[in-house]
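Working notes for the structure below.
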Amino acid sequence: MDSAHEEPELPSAIQDLVQRLEGQGEPITELPILSRPEFREFFPYAESLSTIIGWRSQVRLRVLEAIGSCNTLEILNVGNICGAYISRLTPSEWEVVLRGFRSSTVLEEIIVFGTYLADDADNESLCFQLGRILNSSSVTELKLKASLSARCLSNLASGLQGRSDSKLKSLDLEQAWMDFDLGVTWEDSSAVKYVADMINSAPLLETLRLSGYMVDLEDETVGILTQVLIKSSSLKEFTLDYVGKWAGPLLLKALAGDDRNRSIERLRLLYMEGLGDCLRELLISNPSLKEVELHRLVMEPEQAHQLGEAIRDNAIATTILVRFESSFDEVGAWESVEALARSASSEVNDPTLEITLHVGSEDEVMLSLNLLGRVLRGEITSLKSLSILHRISNLNRPEGILSMNGRTGKTCVLKRLRLSALSEDVWKEVWKDLLLCLRGNTSLTHLDLCETWLDEETFRDVMGLLQVNLSLQEINVSRTSWAIDGKAALIQEALKQNEKRAAYMSVFREAGLAFGDAKAGRLFLCGSPLAGKTQLRQTLMRIVEGKSWLGNKWNKLFRTKGIKVEYLQNNDKRQISIWDLAGQEIFRTLQTVLFPQSNNFCVFLFVYSSFCENSSSKKEDSCFRTELEEWMSFITSSSRVTGHNRLQVLVVISHKDKIKSSSLTWAHSIVKDVNQRFAKFVDLHPIQECFHVDTRRKKQVIDLKDYIFEIFDKLLSEKSPRVPQLCSRLSSLLATNIKQNRSCPIWLPQKFNKFCDPILTEFISSSSAFAIDHSRILNSIVSYLNDVGSIVYIPTLSYIIVDPNWLTNTLLGELVALGQKFHAQEHESKSHSSYSSKDGFVSESVFVGLIEEFMGKQPHGHIGVDRDVIENILIHLDLCFKVEDTSQFYFIPSFIPEHASNEEQKPQEGKDLESMAWESRGETSQFVGIRIQCQDGRTMSLTAAFFPCFQMFMRRKLISEMRVSKKTVTCSRQYLRLFLDGHEIYVEQGTSHNYMDVLMLRSKHKSRSEALQYLMKHIVQVLISFCASSKGCPGVALVLSVIQTSCVEMLIPSHLRGAILIEELKSNFIDSINDKLEDIQLNRFHMEKEEALFSYEHSWPSIKGHTGVISESARDLLWESDVEAVVNEIRQKRMQQLESLQQGLIEVNNDLNHSHPENENMVSRSSFPDMKQSNRPSSMCLSRASTSVQHGSIGLENKIDQLVQKVDGLDQRLRLMDIKVEHILSLQQEVKSTFSAFMSKVDRIIEYPQSLQQAGTPKRPYVKDDVGLFYKMSAHLHVGKTVRLHLMCESATGFHIVKDQEGLKIRVDLNNRAWISKTIEISLKVMYYAVKAGLDVTFGLGQAIPDWADLKSDIVKLDGISYSDRSAVLKGGESMELKEAWLRIQQTLAPQLRDRYSTIFKLYQVKYVRLELGGHAWVCEECMSKGIRAHILVVN
């Protein structure tokens, strides 16, 4: 065929859609939006159908036919096909599309959202087609939001009539029988009759919503609806949303009468008024109602009080949700909230109210917090849930608002508390009081802090709270920084542990057991090999236990394997076990697995020897720092964060006998530096004299022992929760029993129970013994003893390890020593079998040989221990798994080396790359890479055990829970390979142990967004949760980075891959968008294209031998949710800026009117643009009428949110982004125009003359003293003092300090003191109004001025400010002194200095092209360059 007649190749999006619709590839359940750019050529958004001809028409028809014949679609959204413009498809095309749905057995939902630009015939035809579908398909949900004629409703109803097996369960009708354009109902009631027919014809209908009918309905119409509701016996939920006065009669007749509906359990009433009496009757007389939601109902305080009394005394419903939207601008709205909460309180009945408060002003926030305080103190007992959602950025009076006022809070009944969208200033003040309230609270189970400003200090507060509050079950921190940096996972794991603690502690309390101070603690000895740890342990045992250690000369020949566990002290005062960790790296894996998960009962001793292993040569001082930092990282990464109770670490310097000088000055400085680095996690005690010892000498170790015991006494008495005395007694007896008989380290539950029975009899009175469940108590005892390390209990095994030393040292330590060829004794035979495996797998014979060799080394054996027991222990500790196929293999990477000889074990970068390859790679394959890394690589690391344990955990989870075939999961030492849902995935361990890489070759049938969502849910989030668990690294917070795509595709070695933190990329993205927004000219009303505004690209540096410099679009690297978050953040910031600027404009204009009464243009709170109505830019911000500026940003956001809801209803995410971008651009223009007006008013306040403006004299002077501090009026100007005159950059985008500005040096004398003082007054005025307008935040002035915090507090509050400063700010009227000051400033900055402006002030004179931008100005180099690029200024 001639190329001129060849048909173009189908776009890939069309090909993929058709293939999925025809059953090839991933099944499709909902149609994409056909107006998207990738489909627009065939389904144009606004193009005439007549232009779609030829090849385009054929492609269009093929897509429509594929839709009509698809048998996997579960949702039919008409808007996705036509964009709510029915006429975009011809009647014959609609027939093609819809005919296949008539007999569908998978279709569940039909959505019709608007039918714009459609005549009655089109609407009726569509409804006829949908009616036929309803008649024969499996549809369970029907949503209609469109103005439909009676004929349309008849067509829909006809589909359901006569069909007794209709599966319809949900019917949502919004404006469906109403003329949307005219706002009236149809004259006859036939439309309502057809709605009634639809309801009557749905015998399984459970949910019904009627919305948007504010007009009055005739009695006949109300009667029809009443009868249909009464007869709907399957209906469970009924919603009336934004309807008229007819709602009251309908509800009373249908739900409160004698023949009322008896099936409805949930009633939702939204945006209505005048229902007070009706609600009381409903709550009293309808026993079926279980939940009632009242959303922004208008009610007088007296009505609210009466409703509260009805709820308290007679209400049957168990949950009553009350939501108050936005600012309480309705008359008496807040009084209604108070009245309802107070009158519904009861000392007898359980609380039923769930109140949500959307507040916008400072007063409303204070009132809401006041209510919260009364609830937490137990003064109001009607609320089981309270949500406070607010959107203001500062709060001046929150101190003490949540004070308990001497109450314990025991009468508090609140179960759920939500504090959302709290800013930094508000949160800091509220949290201090809230934390104190929650420490003693036992009722609250759910705390929601989503979208709230949260920092590191608050995180430690929360983790500390969870140590004493066992009632909290859920803490929601979504959409906060904690959800990003891994802290959310740590909180969830702490809650899981608390759930277990709460369970067994409640059992102890129910049994009436006596509680006392904790006694059990663990002392950990860590450090490099041959540092003297074992010798120190033995000497401590000699001191405390009086052991002679006659075999001491032989003992020095033995080296610790794994962890050696002994009881250092076991009496009525203390039960301290000592855990001696072998220093060799090969034992680190099992040490991590068995590490304690709480630091409340632990003290760590880092033992350091200044001498090299196996020699007498002295180490470099730097070795001390290196070893200490490595062990500190190991300790902090492996220990759970428990609030502000930091880990207790002591540094012991051994081999004092070998050191000539006793001075430890070199070590003191290193310890101090390391302590500063780890200060958030560790209390590293300064080195004291008793820390420098000869570990063999009892006399030198005694003082160290006393110091250690003092720490334990403080920990156990002050910082540890009280524990049952029964458990302390059992722990002591177990230790004694095991010391006397080590031949039976494993007990069956029956033996353990028999051991405990005599003690239970002793501690539980005979009178209550029969009423107590002994099995629950025994289970609780096991859990407690496992937590404190007295025993080791693995829930999935049928026995209890009562000798921890047998597990940590005898079994695991010995197995590692055998497998890794570690010789614990100098004379030990070196003829062991040679074990090695490159990938970590060994055959069954090798595994059995290792176990048999271990058992052969046990001289007397152990009762109950055989190969099966050992294998089960290894498997359930995630140290091993067995592959069962034609031949059995065991994966035991922790027990055997990778190579047979030490020479072959030298690290090789990328050594496993030859075994990593994309098996499913094709020409069009797409790749994604995510790096999961330690938030702080200097103090945290993923331990040696992390990756092998995660592999085994993940393998078990995939096979047992997700039913993944074993053949699709491949484990190796360095990576885990998976084939899941069409994706090929590698999880690879980073060479530095600071990160893990997750690499994906995504399915060709999945979009990038779908692939990322899958990867996050099934791999990344699982990995993060595992890290936070007791088997992971519970002290490590993880953050996410995105990996350079080409590195994923080419499988470039992990240490060379390009990666950037997602939050850093988002920040760069935001900076890029902000820069573009600042460049938009004030007079440009057209909207920038989204592609231009979002065109930021991240540049990856070259990788030698692999790639050159590569750039990738930020939008291609980020998640869709991240891009949306970027847009939302920018939009929110602009709204806050605009609100603050308008507030500042009010202040400055009112002050002008106060000082200049002749000013007739006074600006009040009612003279600003209506932010609820305006979405387009305007510079006329002072002339348009408005409602309150105080709530303006809320109005803007509500308006956009309404648009969001509509777009989401159509699933048109692309159009949603366009709307938000348009709104951002509109806000930016408004911010600029308001800022210009604000600065113009400030110039009038400081009386900057127009003549100086025309002459180009700078107008933002300020004065610093001779040490560079901002001058205030209270700092007296003495003759002879040297000051510097500085100038700010006067950019139209915001004035600011110029960094490293030299300034003009001036010596104060009698002639210039007065005008310098007035210059300080000018700068104070400017700063005062800058704070009022929020410019200290938006333009970063706070960081530019050294003493800004002090200045800000003085000026804003005007408390404690000197009289001279106060006068300078508040003084009004014309001032000859100010005029004189401006003249002297002009003279000082004389023409002879003009050529030196760039040198002295780093400023350049420019002229803005539009007068409202300021005319002539002096700007810094950066602002000048930006202005030139944006064509808004020219250089003079």
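Quick note on naming: the chains in the structure tokens go A, B, ... in the order shown, residues restart at 1 in each chain, and ligands are numbered from 1 in order of appearance.
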**Request:** May I have the residues within 10 Å of range 516-520 of chain A as a PyMOL selection string, using only C-alpha atoms and disregarding those fewer than 2 positions away in the same chain?
**Result:** chain A and resi 513-514+522+569-577+601-602+712-713+715-729+731-732+785+788-790
**Who sits within 12 Å of Ala503 in chain A, only C-alpha atoms, same chain under 2 positions skipped, as a list in words** = Leu470, Ser471, Gln473, Lys496, Gln497, Asn498, Glu499, Lys500, Arg501, Met505, Ser506, Val507, Phe508, Arg509, Glu510, Arg776, Ile777, Asn779, Ser780, Ile781, Ser783 and Tyr784 of chain A
**Spatial neighbours of Asn155 in chain A, 9 Å, only C-alpha atoms, chain gap at least 5 places, as a VMD selection string** = chain A and resid 124 to 132 150 194
Residues just named, written with N, CA, C and O atoms as a PDB file, in the first residue's frame:
ATOM      1  N   GLU A 124     -34.071  11.581  27.932  1.00  0.00           N
ATOM      2  CA  GLU A 124     -35.036  10.494  27.997  1.00  0.00           C
ATOM      3  C   GLU A 124     -34.500   9.230  27.337  1.00  0.00           C
ATOM      4  O   GLU A 124     -34.715   8.113  27.824  1.00  0.00           O
ATOM      5  N   SER A 125     -33.779   9.408  26.240  1.00  0.00           N
ATOM      6  CA  SER A 125     -33.197   8.250  25.562  1.00  0.00           C
ATOM      7  C   SER A 125     -32.169   7.560  26.448  1.00  0.00           C
ATOM      8  O   SER A 125     -32.147   6.331  26.561  1.00  0.00           O
ATOM      9  N   LEU A 126     -31.304   8.356  27.087  1.00  0.00           N
ATOM     10  CA  LEU A 126     -30.296   7.777  27.975  1.00  0.00           C
ATOM     11  C   LEU A 126     -30.956   7.048  29.137  1.00  0.00           C
ATOM     12  O   LEU A 126     -30.563   5.931  29.485  1.00  0.00           O
ATOM     13  N   CYS A 127     -31.961   7.685  29.767  1.00  0.00           N
ATOM     14  CA  CYS A 127     -32.627   7.059  30.903  1.00  0.00           C
ATOM     15  C   CYS A 127     -33.345   5.774  30.482  1.00  0.00           C
ATOM     16  O   CYS A 127     -33.433   4.812  31.265  1.00  0.00           O
ATOM     17  N   PHE A 128     -33.849   5.740  29.249  1.00  0.00           N
ATOM     18  CA  PHE A 128     -34.488   4.526  28.753  1.00  0.00           C
ATOM     19  C   PHE A 128     -33.461   3.393  28.668  1.00  0.00           C
ATOM     20  O   PHE A 128     -33.730   2.254  29.065  1.00  0.00           O
ATOM     21  N   GLN A 129     -32.282   3.727  28.133  1.00  0.00           N
ATOM     22  CA  GLN A 129     -31.226   2.717  28.029  1.00  0.00           C
ATOM     23  C   GLN A 129     -30.800   2.235  29.424  1.00  0.00           C
ATOM     24  O   GLN A 129     -30.603   1.030  29.652  1.00  0.00           O
ATOM     25  N   LEU A 130     -30.654   3.185  30.366  1.00  0.00           N
ATOM     26  CA  LEU A 130     -30.245   2.803  31.720  1.00  0.00           C
ATOM     27  C   LEU A 130     -31.330   1.976  32.400  1.00  0.00           C
ATOM     28  O   LEU A 130     -31.038   1.060  33.177  1.00  0.00           O
ATOM     29  N   GLY A 131     -32.585   2.301  32.119  1.00  0.00           N
ATOM     30  CA  GLY A 131     -33.682   1.521  32.671  1.00  0.00           C
ATOM     31  C   GLY A 131     -33.627   0.085  32.219  1.00  0.00           C
ATOM     32  O   GLY A 131     -33.882  -0.845  33.006  1.00  0.00           O
ATOM     33  N   ARG A 132     -33.305  -0.140  30.967  1.00  0.00           N
ATOM     34  CA  ARG A 132     -33.187  -1.503  30.444  1.00  0.00           C
ATOM     35  C   ARG A 132     -32.045  -2.248  31.146  1.00  0.00           C
ATOM     36  O   ARG A 132     -32.137  -3.461  31.398  1.00  0.00           O
ATOM     37  N   ALA A 150     -40.031  14.145  34.497  1.00  0.00           N
ATOM     38  CA  ALA A 150     -40.841  13.016  34.957  1.00  0.00           C
ATOM     39  C   ALA A 150     -40.726  11.845  33.998  1.00  0.00           C
ATOM     40  O   ALA A 150     -40.693  10.679  34.410  1.00  0.00           O
ATOM     41  N   TYR A 194     -42.764   8.349  40.366  1.00  0.00           N
ATOM     42  CA  TYR A 194     -41.800   7.457  39.711  1.00  0.00           C
ATOM     43  C   TYR A 194     -40.627   7.153  40.635  1.00  0.00           C
ATOM     44  O   TYR A 194     -40.079   6.032  40.624  1.00  0.00           O
TER      45      TYR A 194
END
May I have a table of the residues of range 1030-1067 of chain A lying at most 12 Å from range 999-1022 of chain A, giving each one's closest pair of atoms and their distance in Å to one decimal, counting only C-alpha atoms, ordered by chain and ascending residue number, as JSON lines?
{"residue": "A:Gly1032", "atom": "CA", "partner": "A:Val1022", "partner_atom": "CA", "distance": 11.4}
{"residue": "A:Leu1038", "atom": "CA", "partner": "A:Val1020", "partner_atom": "CA", "distance": 10.5}
{"residue": "A:Val1039", "atom": "CA", "partner": "A:Val1020", "partner_atom": "CA", "distance": 10.5}
{"residue": "A:Leu1040", "atom": "CA", "partner": "A:Val1020", "partner_atom": "CA", "distance": 9.1}
{"residue": "A:Ser1041", "atom": "CA", "partner": "A:Val1020", "partner_atom": "CA", "distance": 11.4}
{"residue": "A:Val1042", "atom": "CA", "partner": "A:Leu999", "partner_atom": "CA", "distance": 10.2}
{"residue": "A:Ile1043", "atom": "CA", "partner": "A:Leu999", "partner_atom": "CA", "distance": 8.6}
{"residue": "A:Gln1044", "atom": "CA", "partner": "A:Leu999", "partner_atom": "CA", "distance": 10.6}
{"residue": "A:Thr1045", "atom": "CA", "partner": "A:Leu999", "partner_atom": "CA", "distance": 9.5}
{"residue": "A:Ser1046", "atom": "CA", "partner": "A:Leu999", "partner_atom": "CA", "distance": 11.2}
{"residue": "A:Cys1047", "atom": "CA", "partner": "A:Leu999", "partner_atom": "CA", "distance": 9.5}
{"residue": "A:Val1048", "atom": "CA", "partner": "A:Leu999", "partner_atom": "CA", "distance": 6.1}
{"residue": "A:Glu1049", "atom": "CA", "partner": "A:Leu1001", "partner_atom": "CA", "distance": 7.8}
{"residue": "A:Met1050", "atom": "CA", "partner": "A:Leu999", "partner_atom": "CA", "distance": 10.8}
{"residue": "A:Leu1051", "atom": "CA", "partner": "A:Leu999", "partner_atom": "CA", "distance": 8.6}
{"residue": "A:Ile1052", "atom": "CA", "partner": "A:Leu999", "partner_atom": "CA", "distance": 11.1}
{"residue": "A:Pro1053", "atom": "CA", "partner": "A:Leu999", "partner_atom": "CA", "distance": 12.0}
{"residue": "A:Ser1054", "atom": "CA", "partner": "A:Leu999", "partner_atom": "CA", "distance": 10.5}
{"residue": "A:Arg1057", "atom": "CA", "partner": "A:Leu999", "partner_atom": "CA", "distance": 11.5}
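If only C-alpha atoms are the atoms counted, then among A:Gln1228, A:Ser972, A:Asn805, A:Thr140 the closest residue to Phe841 in chain A is A:Ser972.
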**Request:** Give me the residues within 8 Å of Ser843 in chain A as a list in words, counting only C-alpha atoms and dropping any in the same chain fewer than 5 places off.
**Result:** Gln888, Phe889 and Tyr890 of chain A
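The nearest approach to Asn314 in chain A among the residues A:Ile284, A:Leu1117, A:Met996, A:Cys70, with only C-alpha atoms taken into account, belongs to A:Ile284.
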